[in-house]
Amino acid sequence: MRTRILGTTGVAVNEIGYGAMHLSIDREKRPTETDSVAFLQRIVDELGINFIDTADAYCTESGETGHNERLIAKALNPARRQHVLVATKGGCVRPEGRWERDGRPEHLRAACDASLKALGCERIDLYQLHAPDPLVPVEESVGTLADLQRDGKIRFVGVSNFSLPLLEQAMKETQIVSLQNQFSVINQREEDALLAFCEANGITYIPWNPIGGRGKAPELAAHSAALEHIAARHGASPHAVALAWLLKRSPAMLPIPGTRHFDHMAQNVQAEHIGLSDDEMKELGGN
Ligand SMILES: NC(=O)c1ccc[n+]([C@@H]2O[C@H](COP(=O)([O-])OP(=O)(O)OC[C@H]3O[C@@H](n4cnc5c(N)ncnc54)[C@H](OP(=O)(O)O)[C@@H]3O)[C@@H](O)[C@H]2O)c1
């Protein structure tokens, strides 16, 4: 697979990563632990996936915090671990299944220690603040991640669900290597300024819901006629075209599609072989 550099770290990862959330957050729909571990091993071994996104909060409720991280730890034996960069997050909690933010320094310190234990490692490759906490100044939350980095518990720091002004504030605390925000061809939020900023400042932009999220992805073509006929022209799935659109949209982009099915992930990695023309980008609404 072709590679992109994570921020300005010099660390190369393949153009298509994997988002592991759906292996954990829905008790009814998630695969068994055995199936999830086997799935993760196959996408690493057979598809070359070497960037996996997770979070301590990818679970059904607080009692099973770290569920997704523990699956990844089980799947990645030391040989695989050497080649795979694991990006986790802290700063969200799941009391009774709700999503709440907690960016207090004491929470982030405890969450980082818990993630180290769940992932079974001594240092987290990429630790992202899951979302800004409106009750805690961003410099306090990101400043805590900077302290954890100085302590050797975190290699690289990223942020998620950040606006441009917040990102600029975060950058005063430490080197920010990635920004993870919601973005896709069928959900083209006003990210132009952020994308341009990431490109200019060597920050990787990780789009979440890169193929529309679980609400729209299963029937993706129904949400865009252009996606459907461009996919037919390339003999590809609309999902792969949606990912190819992201890759062409910006050199800073690192998509992390989420799926529980090996065949779907095999389709998704085909995105790197789809060269969309400028006319096709225009038709899909990109620059
Ligand atoms: N930072 C944040 O706040 C935040 C928020 C949400 C997500 N995330 C991260 O971003 C990752 C990606 O987001 P996401 O998983 O919500 O959205 P997504 O990747 O846009 O869509 C996931 C959905 O797409 C389906 N899918 C995937 N590939 C497919 C294919 N080839 N054909 C048909 N259906 C396909 C999956 O169903 P199947 O399982 O049936 O394939 C799943 O329902 C997450 O896993 C998580 O790591 C971060």
# chains A, B, ... in the order shown; residues from 1 in each chain; ligands from 1
>>> select_by_dssp(residues="stretch 25-253 of chain A", states="strand (DSSP E)", output="PyMOL selection string")
chain A and resi 51-53+85-90+92-93+100-101+124-129+154-160+176-182+204-208
>>> residues_around(residues="A:Glu272", least_positions_apart="5", cutoff="8 Å", atoms="only C-alpha atoms", output="tab-separated table (two decimals) with N, CA and C atoms, in the first residue's frame")
chain	number	residue	atom	x	y	z
A	1	MET	N	0.84	-1.20	0.00
A	1	MET	CA	0.00	0.00	0.00
A	1	MET	C	0.88	1.25	0.00
A	2	ARG	N	0.39	2.32	-0.63
A	2	ARG	CA	1.15	3.57	-0.57
A	2	ARG	C	1.09	4.14	0.85
A	15	GLU	N	-1.88	4.33	3.50
A	15	GLU	CA	-2.86	5.40	3.23
A	15	GLU	C	-4.23	5.15	3.83
A	16	ILE	N	-4.61	3.89	3.98
A	16	ILE	CA	-5.90	3.57	4.58
A	16	ILE	C	-5.64	2.89	5.92
A	244	ALA	N	-11.30	7.08	-1.82
A	244	ALA	CA	-10.38	7.63	-2.83
A	244	ALA	C	-10.56	9.15	-2.92
A	247	LEU	N	-8.64	10.70	-0.14
A	247	LEU	CA	-7.18	10.66	-0.38
A	247	LEU	C	-6.76	11.76	-1.36
>>> residues_near_ligand(ligand="ligand 1", cutoff="8 Å", atoms="only C-alpha atoms and all ligand atoms", output="VMD selection string")
chain A and resid 18 to 22 52 to 55 130 to 131 160 to 161 180 to 182 184 207 to 220 237 to 240 255 to 261 263 to 268
>>> closest_residue(among="A:Asp102, A:Asp45, A:Asp125, A:Asp113", to="A:Thr88", atoms="only C-alpha atoms")
A:Asp125
>>> select_by_dssp(residues="stretch 95-218 of chain A", states="alpha helix (DSSP H)", output="ChimeraX atom specification")
/A:105-119,138-150,164-170,192-201,213-216
>>> write_last_selection(atoms="N, CA and C atoms", output="short mmCIF file (atom, residue, chain, number, x, y, z; two decimals), in the first residue's frame")
data_model
loop_
_atom_site.label_atom_id
_atom_site.label_comp_id
_atom_site.auth_asym_id
_atom_site.auth_seq_id
_atom_site.Cartn_x
_atom_site.Cartn_y
_atom_site.Cartn_z
N PRO A 105 -7.28 17.33 34.07
CA PRO A 105 -5.95 16.70 34.14
C PRO A 105 -5.97 15.39 34.92
N GLU A 106 -6.66 15.35 36.07
CA GLU A 106 -6.62 14.12 36.88
C GLU A 106 -7.29 12.96 36.15
N HIS A 107 -8.35 13.27 35.39
CA HIS A 107 -8.98 12.19 34.61
C HIS A 107 -8.05 11.71 33.50
N LEU A 108 -7.45 12.66 32.78
CA LEU A 108 -6.59 12.27 31.64
C LEU A 108 -5.38 11.45 32.10
N ARG A 109 -4.83 11.81 33.27
CA ARG A 109 -3.68 11.05 33.77
C ARG A 109 -4.09 9.61 34.09
N ALA A 110 -5.26 9.45 34.74
CA ALA A 110 -5.73 8.11 35.10
C ALA A 110 -6.12 7.34 33.83
N ALA A 111 -6.74 8.04 32.87
CA ALA A 111 -7.18 7.38 31.63
C ALA A 111 -5.98 6.90 30.83
N CYS A 112 -4.91 7.70 30.82
CA CYS A 112 -3.71 7.30 30.07
C CYS A 112 -3.10 6.05 30.70
N ASP A 113 -3.02 6.02 32.02
CA ASP A 113 -2.49 4.82 32.70
C ASP A 113 -3.35 3.60 32.39
N ALA A 114 -4.68 3.79 32.40
CA ALA A 114 -5.59 2.66 32.12
C ALA A 114 -5.42 2.19 30.67
N SER A 115 -5.22 3.12 29.74
CA SER A 115 -5.02 2.74 28.34
C SER A 115 -3.70 1.99 28.15
N LEU A 116 -2.67 2.43 28.87
CA LEU A 116 -1.39 1.70 28.79
C LEU A 116 -1.58 0.26 29.22
N LYS A 117 -2.37 0.07 30.28
CA LYS A 117 -2.60 -1.28 30.81
C LYS A 117 -3.46 -2.08 29.80
N ALA A 118 -4.53 -1.44 29.30
CA ALA A 118 -5.42 -2.16 28.38
C ALA A 118 -4.69 -2.55 27.10
N LEU A 119 -3.83 -1.66 26.63
CA LEU A 119 -3.10 -1.93 25.38
C LEU A 119 -1.87 -2.80 25.62
N VAL A 138 -8.59 24.35 27.23
CA VAL A 138 -7.92 23.39 26.37
C VAL A 138 -6.43 23.27 26.73
N GLU A 139 -5.84 24.40 27.19
CA GLU A 139 -4.41 24.33 27.52
C GLU A 139 -4.18 23.40 28.72
N GLU A 140 -5.18 23.28 29.59
CA GLU A 140 -5.02 22.35 30.73
C GLU A 140 -5.08 20.90 30.25
N SER A 141 -6.06 20.59 29.38
CA SER A 141 -6.19 19.20 28.89
C SER A 141 -4.98 18.83 28.05
N VAL A 142 -4.67 19.67 27.05
CA VAL A 142 -3.55 19.32 26.16
C VAL A 142 -2.23 19.44 26.91
N GLY A 143 -2.15 20.39 27.84
CA GLY A 143 -0.95 20.52 28.68
C GLY A 143 -0.68 19.24 29.46
N THR A 144 -1.76 18.58 29.90
CA THR A 144 -1.59 17.31 30.62
C THR A 144 -1.03 16.23 29.70
N LEU A 145 -1.52 16.22 28.45
CA LEU A 145 -0.97 15.24 27.49
C LEU A 145 0.51 15.53 27.24
N ALA A 146 0.86 16.81 27.20
CA ALA A 146 2.28 17.18 27.02
C ALA A 146 3.11 16.67 28.20
N ASP A 147 2.56 16.78 29.43
CA ASP A 147 3.28 16.25 30.61
C ASP A 147 3.47 14.74 30.49
N LEU A 148 2.39 14.05 30.06
CA LEU A 148 2.46 12.59 29.93
C LEU A 148 3.48 12.19 28.87
N GLN A 149 3.57 13.03 27.84
CA GLN A 149 4.57 12.79 26.78
C GLN A 149 5.98 12.95 27.37
N ARG A 150 6.18 13.99 28.16
CA ARG A 150 7.50 14.20 28.80
C ARG A 150 7.84 13.05 29.74
N LEU A 164 -10.44 25.31 14.46
CA LEU A 164 -9.13 25.90 14.17
C LEU A 164 -8.58 26.71 15.35
N PRO A 165 -9.39 27.58 15.98
CA PRO A 165 -8.82 28.33 17.12
C PRO A 165 -8.35 27.40 18.25
N LEU A 166 -9.11 26.33 18.51
CA LEU A 166 -8.68 25.40 19.58
C LEU A 166 -7.41 24.66 19.20
N LEU A 167 -7.31 24.30 17.91
CA LEU A 167 -6.11 23.61 17.44
C LEU A 167 -4.88 24.52 17.63
N GLU A 168 -5.06 25.78 17.28
CA GLU A 168 -3.94 26.73 17.42
C GLU A 168 -3.52 26.86 18.90
N GLN A 169 -4.52 26.82 19.77
CA GLN A 169 -4.21 26.88 21.22
C GLN A 169 -3.45 25.62 21.66
N ALA A 170 -3.94 24.46 21.16
CA ALA A 170 -3.32 23.19 21.54
C ALA A 170 -1.85 23.15 21.11
N ASP A 192 -12.55 23.35 5.01
CA ASP A 192 -11.52 23.84 4.09
C ASP A 192 -10.36 24.53 4.82
N ALA A 193 -10.72 25.43 5.75
CA ALA A 193 -9.68 26.20 6.44
C ALA A 193 -8.83 25.26 7.30
N LEU A 194 -9.49 24.30 7.96
CA LEU A 194 -8.75 23.37 8.81
C LEU A 194 -7.82 22.48 7.99
N LEU A 195 -8.35 22.00 6.86
CA LEU A 195 -7.53 21.14 6.00
C LEU A 195 -6.31 21.90 5.49
N ALA A 196 -6.53 23.14 5.04
CA ALA A 196 -5.42 23.95 4.53
C ALA A 196 -4.41 24.19 5.65
N PHE A 197 -4.91 24.42 6.86
CA PHE A 197 -4.03 24.66 8.00
C PHE A 197 -3.19 23.40 8.30
N CYS A 198 -3.86 22.24 8.27
CA CYS A 198 -3.14 20.98 8.54
C CYS A 198 -2.05 20.76 7.49
N GLU A 199 -2.40 20.99 6.22
CA GLU A 199 -1.40 20.82 5.16
C GLU A 199 -0.21 21.75 5.38
N ALA A 200 -0.50 23.00 5.73
CA ALA A 200 0.58 23.99 5.88
C ALA A 200 1.44 23.72 7.11
N ASN A 201 0.86 23.05 8.12
CA ASN A 201 1.58 22.87 9.39
C ASN A 201 2.00 21.44 9.66
N GLY A 213 -20.48 6.91 8.13
CA GLY A 213 -20.92 6.40 9.43
C GLY A 213 -21.93 5.28 9.29
N ARG A 214 -22.26 4.63 10.41
CA ARG A 214 -23.08 3.42 10.29
C ARG A 214 -24.52 3.72 9.86
N GLY A 215 -24.95 4.99 10.00
CA GLY A 215 -26.30 5.35 9.54
C GLY A 215 -26.39 5.36 8.02
N LYS A 216 -25.35 5.83 7.35
CA LYS A 216 -25.42 6.04 5.90
C LYS A 216 -24.56 5.07 5.09
#
>>> closest_residue(among="A:Arg94, A:Lys89, A:Arg42, A:Arg189", to="A:Thr65", atoms="only C-alpha atoms")
A:Arg94
>>> residues_around(residues="A:Ala231", least_positions_apart="4", cutoff="12 Å", atoms="only C-alpha atoms", output="PyMOL selection string")
chain A and resi 220-221+224-227+235-245+267+270-271+274-276+280+284
>>> write_last_selection(atoms="C-alpha atoms", output="CSV table (one decimal), in the first residue's frame")
chain,number,residue,atom,x,y,z
A,220,LEU,CA,-24.0,4.7,0.6
A,221,ALA,CA,-24.9,4.9,-3.1
A,224,SER,CA,-25.0,10.1,-3.8
A,225,ALA,CA,-25.9,9.3,-7.4
A,226,ALA,CA,-22.5,10.6,-8.5
A,227,LEU,CA,-20.7,8.2,-6.2
A,235,GLY,CA,-15.5,-1.2,-11.3
A,236,ALA,CA,-15.2,-0.4,-7.5
A,237,SER,CA,-17.5,-0.1,-4.6
A,238,PRO,CA,-19.0,3.4,-3.7
A,239,HIS,CA,-17.2,3.0,-0.3
A,240,ALA,CA,-13.8,2.7,-2.0
A,241,VAL,CA,-14.6,5.7,-4.2
A,242,ALA,CA,-15.6,7.7,-1.1
A,243,LEU,CA,-12.2,6.9,0.4
A,244,ALA,CA,-10.4,7.6,-2.8
A,245,TRP,CA,-12.1,11.0,-2.8
A,267,GLN,CA,-12.9,-3.4,-0.6
A,270,GLN,CA,-8.9,-0.7,-2.9
A,271,ALA,CA,-9.3,3.1,-2.6
A,274,ILE,CA,-8.7,4.4,-7.8
A,275,GLY,CA,-7.4,7.5,-9.5
A,276,LEU,CA,-10.2,10.0,-9.6
A,280,GLU,CA,-14.9,13.3,-11.1
A,284,LEU,CA,-18.4,14.7,-6.2
>>> closest_residue(among="A:Pro31, A:Thr204, A:Ile43, A:Asp133", to="A:Ala12", atoms="only C-alpha atoms")
A:Thr204
>>> closest_residue(among="A:Gln82, A:Asn187, A:Thr60, A:Ser250", to="A:Lys29", atoms="only C-alpha atoms")
A:Thr60
>>> decode(residues="stretch 127-138 of chain A", atoms="N, CA and C atoms", output="CSV table (one decimal), in the first residue's frame")
chain,number,residue,atom,x,y,z
A,127,TYR,N,-1.7,9.4,21.2
A,127,TYR,CA,-2.7,9.7,22.2
A,127,TYR,C,-3.5,10.9,21.8
A,128,GLN,N,-4.8,10.8,21.6
A,128,GLN,CA,-5.6,11.9,21.1
A,128,GLN,C,-6.5,12.4,22.2
A,129,LEU,N,-6.6,13.7,22.4
A,129,LEU,CA,-7.7,14.2,23.2
A,129,LEU,C,-9.0,14.0,22.5
A,130,HIS,N,-9.9,13.2,23.0
A,130,HIS,CA,-11.1,12.7,22.2
A,130,HIS,C,-12.0,13.9,21.8
A,131,ALA,N,-12.1,14.9,22.7
A,131,ALA,CA,-12.9,16.1,22.4
A,131,ALA,C,-12.6,17.1,23.4
A,132,PRO,N,-12.7,18.4,23.0
A,132,PRO,CA,-12.5,19.4,24.0
A,132,PRO,C,-13.6,19.4,25.1
A,133,ASP,N,-13.2,19.6,26.3
A,133,ASP,CA,-14.2,19.6,27.4
A,133,ASP,C,-14.6,21.1,27.7
A,134,PRO,N,-15.8,21.5,27.4
A,134,PRO,CA,-16.2,22.9,27.6
A,134,PRO,C,-15.9,23.5,29.0
A,135,LEU,N,-15.8,22.5,30.0
A,135,LEU,CA,-15.6,23.0,31.4
A,135,LEU,C,-14.1,23.1,31.7
A,136,VAL,N,-13.2,22.7,30.8
A,136,VAL,CA,-11.8,22.7,31.2
A,136,VAL,C,-11.0,23.4,30.0
A,137,PRO,N,-10.2,24.5,30.4
A,137,PRO,CA,-9.5,25.2,29.3
A,137,PRO,C,-8.6,24.2,28.6
A,138,VAL,N,-8.6,24.4,27.2
A,138,VAL,CA,-7.9,23.4,26.4
A,138,VAL,C,-6.4,23.3,26.7
